[in-house]
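Notes for the one structure printed next.
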Amino acid sequence: MTGASLFTPDFKALPYWWGRTPRPDLGQPALPARADVVVVGSGYTGLSAALQTARGGRSTLILDAEAAGWGCSTRNGGQVSSSVKPSFSELAARHGEERARGIIAEGHRSLAWLGEFVAEEKIDCDYRVSGRLHAAHSARQYEALAKLVANPPAGIDLAARLVPRSEQRKELGTDVYHGGIVYTRHAAVDAARLHRGLLDRVVEAGATIVPYCEVTTIERQGGGFRITTSRGEVFARDVIVATNAYSRRVTPWLRRRVIPIGSYIIATEPIPRETMDRLFPTDRMVTDTRKVIYYYRASPDRARILFGGRVSWNETDPLKSAPRLHAELVRLFPELANVRVSHSWMGFVAFTFDKLMHTGTHDGIHFAAGYCGSGVGMATYLGMKLGLRVLGMPEGVTAFDNLPFPTRPYYTGYPWFLSAAISYYRWLDRRT
Ligand SMILES: Cc1cc2nc3c(=O)[nH]c(=O)nc-3n(C[C@H](O)[C@H](O)[C@H](O)COP(=O)(O)OP(=O)(O)OC[C@H]3O[C@@H](n4cnc5c(N)ncnc54)[C@H](O)[C@@H]3O)c2cc1C
């Protein structure tokens, strides 16, 4: 299927989630002259931090250059994992075994914490411990997964089981993969409903959210900060930067350390229930072992497939990314050749040079960023930790604090090297 026939007549170049959860209308609240805490960015990181500071009695102001939640936090695939990408041995070589164990354990903690948080706060967001099938794109990758399950890092419960190729159809209706691994504790969520629930709790806690208010400078003044925005100035005792892949010139230090990479998703038109039951019999989240990864799932009502991947490093036109994702969908599930696309959208995820998320304080400004495409659980969790740190609470400490946050010479935020890097990774994917 090509050209216009690929798209449904009511096709939208917007996130599928936005149809289920319309963007919040917060009006245009006046910018106060001062606040105890100013949070820049209104995604999961910013709102989760703000929830702690507002509940801790600090007047809290959240500013976003766009609509609230406009960034990744309402565009993602809604897959919740333990988030840490480097292996134990990579982390141990860099940071020592104890710290490596702490980082991986904190990844697992972030996953469990999100489930507890959603339940305690009664956030209606289709959160479900679905498990995730991580499918091997080659026999060699299956062997690597088998080794991981047989020899998990000491003291870490991976909660994973191997699925040989002979049993793959019990998990997923394709023969393309070479088996895989099921992470039984990984979960599914409706991205925008989670964001909306968080936003409602933040507003109830007394914080103010000002959308369409870009922060342009942050300068130290007295014991605090003078923040210049597109709508005037505000003074704050503490500043939290939660801009992740959308970090702008206002935080050059952070911009030199995060690499924005495009991530793309389509939603299909509704598919008959018998087909969905055959293709997704266990209703798990799915990812694969390729470096240029694909990730997909059924929608919460099991009517559609949400299919995502890295089709390009910087393409922003959803009409161009949709056919490439659709082609891969059909390669995996040939019977979907005539299924059309109802939504196509993209966003920028924040990679880092060490493939690890980071949190800390630089020049007095608190930050958490660099979730490398796995921030649903981790951004919400590290945002919570940031908020506790601003309140001066010992519970704000994390295994990620004060890790070296690498950059590269001549890198200022424009990833000129990505096109070549993605081609190289595609080549590696064909060979490994
Ligand atoms: C297509 C896609 C699919 C994904 N799928 C998954 C997934 O399935 N599972 C998973 O775990 N993760 C996934 N992710 C990643 C995850 O969504 C992010 O890691 C997470 O949402 C980051 O949240 P955040 O609050 O840090 O940043 P964001 O939600 O991106 O928020 C940053 C905000 O900062 C604002 N901002 C920037 N600069 C300024 C400024 N100067 N002044 C004011 N405001 C500013 C922006 O407007 C933006 O709203 C995906 C991401 C994308 C794009």
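Chain labels A, B, ... are given in the sequence in which chains occur in the structure tokens; within each chain residues are numbered consecutively from 1, and ligands are likewise numbered from 1 in the order shown.
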Please, which residues in chain A fall within 6 Å of ligand 1 when counting only C-alpha atoms and all ligand atoms, and what is the closest atom pair and distance in Å to one decimal for each, ordered by chain then residue number, as a tab-separated table?
```
residue	atom	partner	partner_atom_place_in_ligand_line	distance
A:Val40	CA	ligand 1	43 (C)	5.1
A:Gly41	CA	ligand 1	34 (O)	3.4
A:Ser42	CA	ligand 1	33 (C)	5.3
A:Gly43	CA	ligand 1	25 (O)	3.2
A:Tyr44	CA	ligand 1	25 (O)	3.9
A:Thr45	CA	ligand 1	25 (O)	3.9
A:Gly46	CA	ligand 1	25 (O)	5.5
A:Leu63	CA	ligand 1	43 (C)	5.3
A:Asp64	CA	ligand 1	44 (N)	3.4
A:Ala65	CA	ligand 1	43 (C)	3.9
A:Glu66	CA	ligand 1	47 (O)	4.7
A:Gly69	CA	ligand 1	49 (O)	5.0
A:Trp70	CA	ligand 1	49 (O)	4.4
A:Gly71	CA	ligand 1	30 (O)	3.6
A:Cys72	CA	ligand 1	30 (O)	3.9
A:Ser73	CA	ligand 1	21 (O)	3.4
A:Arg75	CA	ligand 1	1 (C)	5.4
A:Asn76	CA	ligand 1	3 (C)	3.3
A:Gly77	CA	ligand 1	8 (O)	3.5
A:Gly78	CA	ligand 1	8 (O)	4.3
A:Gln79	CA	ligand 1	8 (O)	3.8
A:Val80	CA	ligand 1	11 (O)	5.1
A:Cys213	CA	ligand 1	43 (C)	6.0
A:Glu214	CA	ligand 1	42 (N)	3.7
A:Val215	CA	ligand 1	42 (N)	3.9
A:Thr216	CA	ligand 1	41 (N)	5.8
A:Ala242	CA	ligand 1	26 (O)	5.4
A:Thr243	CA	ligand 1	34 (O)	3.6
A:Asn244	CA	ligand 1	26 (O)	4.6
A:Ala245	CA	ligand 1	30 (O)	5.9
A:Tyr246	CA	ligand 1	37 (C)	4.5
A:Ser247	CA	ligand 1	38 (N)	4.6
A:Arg248	CA	ligand 1	38 (N)	5.2
A:Val250	CA	ligand 1	41 (N)	5.9
A:Ser263	CA	ligand 1	1 (C)	4.4
A:Tyr264	CA	ligand 1	1 (C)	4.8
A:Ile265	CA	ligand 1	1 (C)	5.7
A:Met346	CA	ligand 1	1 (C)	4.9
A:Gly347	CA	ligand 1	53 (C)	3.5
A:Phe348	CA	ligand 1	53 (C)	4.6
A:Val349	CA	ligand 1	53 (C)	5.0
A:Ala369	CA	ligand 1	26 (O)	5.8
A:Tyr371	CA	ligand 1	19 (O)	4.9
A:Gly373	CA	ligand 1	15 (C)	4.1
A:Ser374	CA	ligand 1	11 (O)	3.2
A:Gly375	CA	ligand 1	19 (O)	3.2
A:Val376	CA	ligand 1	11 (O)	3.8
A:Gly377	CA	ligand 1	11 (O)	5.9
A:Ala379	CA	ligand 1	23 (O)	5.4
```
- Could you give me, as a ChimeraX atom specification, each residue of range 104-138 of chain A that DSSP assigns to strand (DSSP E or B) when run on this structure's backbone? /A:128,132-135
- Message: Taking 5 positions as the minimum chain separation for residues in the same chain, which residues sit within 7 Å of range 174-186 of chain A when counting only C-alpha atoms? Answer as number ranges by chain.
- Response: A: 80-81, 129-139, 142, 145, 159-165, 168-169, 332-333
- Query: Please, what distance in Å, to one decimal, runs between CA of Ala92 in chain A and CA of Gly107 in chain A?
  - Reply: 15.1 Å
- Task: Go through A:Ala421, A:Ala267, A:Met357, A:Met393 one by one, measure the shortest atom-to-atom distance of each to Pro86 in chain A using only C-alpha atoms, and give the residue with the smallest value.
- Result: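 Nearest candidate to Pro86 in chain A out of A:Ala421, A:Ala267, A:Met357, A:Met393: A:Met357.
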- Message: I want to know what sits within 10 Å of Leu31 in chain A, based on only C-alpha atoms, with residues of the same chain fewer than 3 positions away left out; could you give that as a list in words?
- Response: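 Surrounding residues, per the criterion: Gln28, Arg34, Ala35, Leu61, Leu63, Thr208, Ile209, Val210, Cys213, Thr229, Arg231, Gly232, Glu233 and Val234 of chain A.
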For the residues selected in the previous step, produce a file with all heavy atoms as a JSON list (two decimals), in the first residue's frame.
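Wrote part.json, looks like this:
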```json
[["chain", "number", "residue", "atom", "x", "y", "z"],
["A", 28, "GLN", "N", -4.33, 31.31, 30.33],
["A", 28, "GLN", "CA", -3.04, 32.03, 30.38],
["A", 28, "GLN", "C", -2.89, 32.68, 31.76],
["A", 28, "GLN", "O", -3.10, 33.89, 31.91],
["A", 28, "GLN", "CB", -2.98, 33.09, 29.28],
["A", 28, "GLN", "CG", -2.39, 32.60, 27.97],
["A", 28, "GLN", "CD", -0.97, 32.01, 28.13],
["A", 28, "GLN", "OE1", -0.32, 32.18, 29.15],
["A", 28, "GLN", "NE2", -0.50, 31.30, 27.12],
["A", 34, "ARG", "N", 7.44, 36.15, 41.89],
["A", 34, "ARG", "CA", 8.41, 35.19, 42.45],
["A", 34, "ARG", "C", 7.75, 33.88, 42.83],
["A", 34, "ARG", "O", 6.52, 33.82, 43.00],
["A", 34, "ARG", "CB", 9.16, 35.79, 43.64],
["A", 34, "ARG", "CG", 8.32, 36.36, 44.77],
["A", 34, "ARG", "CD", 9.20, 36.95, 45.86],
["A", 34, "ARG", "NE", 9.97, 38.11, 45.39],
["A", 34, "ARG", "CZ", 11.30, 38.15, 45.28],
["A", 34, "ARG", "NH1", 12.02, 37.10, 45.59],
["A", 34, "ARG", "NH2", 11.91, 39.24, 44.87],
["A", 35, "ALA", "N", 8.59, 32.87, 42.98],
["A", 35, "ALA", "CA", 8.11, 31.55, 43.43],
["A", 35, "ALA", "C", 9.27, 30.90, 44.18],
["A", 35, "ALA", "O", 10.44, 31.21, 43.91],
["A", 35, "ALA", "CB", 7.70, 30.70, 42.24],
["A", 61, "LEU", "N", 6.09, 27.05, 40.47],
["A", 61, "LEU", "CA", 5.64, 27.57, 39.17],
["A", 61, "LEU", "C", 6.27, 26.73, 38.08],
["A", 61, "LEU", "O", 7.48, 26.54, 38.05],
["A", 61, "LEU", "CB", 6.12, 29.03, 39.05],
["A", 61, "LEU", "CG", 5.90, 29.74, 37.72],
["A", 61, "LEU", "CD1", 4.41, 29.95, 37.46],
["A", 61, "LEU", "CD2", 6.62, 31.10, 37.73],
["A", 63, "LEU", "N", 6.83, 26.30, 34.01],
["A", 63, "LEU", "CA", 6.77, 27.06, 32.76],
["A", 63, "LEU", "C", 7.05, 26.12, 31.60],
["A", 63, "LEU", "O", 7.96, 25.28, 31.67],
["A", 63, "LEU", "CB", 7.84, 28.17, 32.76],
["A", 63, "LEU", "CG", 7.80, 29.11, 33.97],
["A", 63, "LEU", "CD1", 8.97, 30.10, 33.91],
["A", 63, "LEU", "CD2", 6.47, 29.88, 34.02],
["A", 208, "THR", "N", 1.27, 26.38, 40.03],
["A", 208, "THR", "CA", 0.76, 27.10, 38.86],
["A", 208, "THR", "C", 1.52, 26.64, 37.62],
["A", 208, "THR", "O", 2.75, 26.56, 37.65],
["A", 208, "THR", "CB", 0.98, 28.63, 39.04],
["A", 208, "THR", "OG1", 0.36, 29.01, 40.26],
["A", 208, "THR", "CG2", 0.39, 29.41, 37.88],
["A", 209, "ILE", "N", 0.77, 26.34, 36.56],
["A", 209, "ILE", "CA", 1.41, 25.95, 35.29],
["A", 209, "ILE", "C", 1.14, 27.06, 34.27],
["A", 209, "ILE", "O", -0.02, 27.41, 34.04],
["A", 209, "ILE", "CB", 0.86, 24.61, 34.76],
["A", 209, "ILE", "CG1", 0.97, 23.52, 35.83],
["A", 209, "ILE", "CG2", 1.57, 24.20, 33.47],
["A", 209, "ILE", "CD1", 0.37, 22.19, 35.45],
["A", 210, "VAL", "N", 2.20, 27.60, 33.70],
["A", 210, "VAL", "CA", 2.03, 28.64, 32.67],
["A", 210, "VAL", "C", 2.55, 28.08, 31.34],
["A", 210, "VAL", "O", 3.75, 27.94, 31.15],
["A", 210, "VAL", "CB", 2.77, 29.94, 33.04],
["A", 210, "VAL", "CG1", 2.54, 31.00, 31.96],
["A", 210, "VAL", "CG2", 2.32, 30.45, 34.39],
["A", 213, "CYS", "N", 5.21, 29.79, 27.53],
["A", 213, "CYS", "CA", 6.06, 30.75, 28.24],
["A", 213, "CYS", "C", 7.49, 30.20, 28.19],
["A", 213, "CYS", "O", 7.87, 29.37, 29.03],
["A", 213, "CYS", "CB", 5.53, 30.89, 29.67],
["A", 213, "CYS", "SG", 6.47, 32.06, 30.64],
["A", 229, "THR", "N", 11.61, 35.25, 30.81],
["A", 229, "THR", "CA", 10.76, 34.41, 29.96],
["A", 229, "THR", "C", 10.17, 35.27, 28.85],
["A", 229, "THR", "O", 10.26, 36.50, 28.88],
["A", 229, "THR", "CB", 9.59, 33.78, 30.75],
["A", 229, "THR", "OG1", 8.57, 34.76, 30.91],
["A", 229, "THR", "CG2", 10.03, 33.28, 32.12],
["A", 231, "ARG", "N", 7.32, 35.95, 28.64],
["A", 231, "ARG", "CA", 6.19, 36.71, 29.22],
["A", 231, "ARG", "C", 6.60, 37.54, 30.43],
["A", 231, "ARG", "O", 5.74, 37.93, 31.23],
["A", 231, "ARG", "CB", 5.07, 35.74, 29.56],
["A", 231, "ARG", "CG", 4.53, 35.04, 28.30],
["A", 231, "ARG", "CD", 3.29, 34.25, 28.58],
["A", 231, "ARG", "NE", 2.30, 35.03, 29.27],
["A", 231, "ARG", "CZ", 1.42, 34.51, 30.11],
["A", 231, "ARG", "NH1", 1.42, 33.23, 30.35],
["A", 231, "ARG", "NH2", 0.54, 35.27, 30.72],
["A", 232, "GLY", "N", 7.88, 37.77, 30.60],
["A", 232, "GLY", "CA", 8.33, 38.62, 31.71],
["A", 232, "GLY", "C", 9.32, 37.90, 32.61],
["A", 232, "GLY", "O", 9.79, 36.80, 32.29],
["A", 233, "GLU", "N", 9.61, 38.53, 33.77],
["A", 233, "GLU", "CA", 10.63, 37.99, 34.67],
["A", 233, "GLU", "C", 10.01, 37.36, 35.91],
["A", 233, "GLU", "O", 8.94, 37.79, 36.34],
["A", 233, "GLU", "CB", 11.52, 39.13, 35.15],
["A", 233, "GLU", "CG", 12.66, 39.42, 34.23],
["A", 233, "GLU", "CD", 13.53, 40.55, 34.81],
["A", 233, "GLU", "OE1", 13.29, 41.00, 35.95],
["A", 233, "GLU", "OE2", 14.44, 40.95, 34.10],
["A", 234, "VAL", "N", 10.72, 36.42, 36.45],
["A", 234, "VAL", "CA", 10.27, 35.83, 37.72],
["A", 234, "VAL", "C", 11.51, 35.47, 38.54],
["A", 234, "VAL", "O", 12.55, 35.12, 37.97],
["A", 234, "VAL", "CB", 9.32, 34.62, 37.48],
["A", 234, "VAL", "CG1", 9.92, 33.59, 36.57],
["A", 234, "VAL", "CG2", 8.91, 33.95, 38.77]]
```
- Query: Nearest to Leu391 in chain A: which of A:Gly223, A:Gly56, A:Pro415, A:Pro252 is it, counting only C-alpha atoms?
  - Reply: A:Gly56
- Task: Based on DSSP run over this structure's backbone, return all residues of range 9-181 of chain A in helix (DSSP H, G or I), as a PyMOL selection string.
- Result: chain A and resi 16-20+44-55+72-74+88-95+97-120+139-150+165-170
- Task: Quick one: everything within 9 Å of Ser342 in chain A, counting only C-alpha atoms, minus sequence neighbours fewer than 6 positions away in the same chain. Send it as JSON, numbers by chain.
- Result: {"A": [6, 7, 8, 9, 10, 11, 12, 13, 16, 266, 267, 268, 269, 270]}
Store the residues picked out above in a file with C-alpha atoms, as an mmCIF file, in the first residue's frame.
```
data_model
loop_
_atom_site.group_PDB
_atom_site.id
_atom_site.type_symbol
_atom_site.label_atom_id
_atom_site.label_comp_id
_atom_site.auth_asym_id
_atom_site.auth_seq_id
_atom_site.Cartn_x
_atom_site.Cartn_y
_atom_site.Cartn_z
ATOM 1 C CA LEU A 6 -2.009 4.248 3.129
ATOM 2 C CA PHE A 7 -3.946 6.737 5.240
ATOM 3 C CA THR A 8 -7.524 6.561 6.550
ATOM 4 C CA PRO A 9 -9.845 9.407 5.436
ATOM 5 C CA ASP A 10 -9.805 10.751 9.017
ATOM 6 C CA PHE A 11 -6.003 10.437 9.316
ATOM 7 C CA LYS A 12 -4.373 12.743 11.865
ATOM 8 C CA ALA A 13 -0.721 13.768 11.988
ATOM 9 C CA TYR A 16 -3.161 8.823 18.929
ATOM 10 C CA ILE A 266 1.979 5.179 13.721
ATOM 11 C CA ALA A 267 -1.402 3.930 14.899
ATOM 12 C CA THR A 268 -3.354 1.633 12.605
ATOM 13 C CA GLU A 269 -7.044 1.804 11.899
ATOM 14 C CA PRO A 270 -9.119 -0.641 14.013
#
```
- Name the residues in contact with Thr282 in chain A at a cut-off of 8 Å, using only C-alpha atoms, excluding same-chain residues fewer than 6 positions from it; report them as a VMD selection string. chain A and resid 170 to 172
- Message: I want to know what sits within 8 Å of Ala399 in chain A, based on only C-alpha atoms, with residues of the same chain fewer than 3 positions away left out; could you give that as a list in words?
- Response: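 Returned residues: Arg99, Gly102, Ile103 and Glu106 of chain A.
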- Task: Can you work out the spacing between CA of Lys385 in chain A and CA of Glu90 in chain A in Å, to one decimal?
- Result: 24.8 Å
- Suppose you want the space between CA of Gly262 in chain A and CA of Ala322 in chain A; what is it in Å? 13.2 Å
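The smallest atom-to-atom distance between Ile305 in chain A and any of A:Leu148, A:Ala50, A:Leu325, A:Val38, using only C-alpha atoms, is found for A:Leu325.
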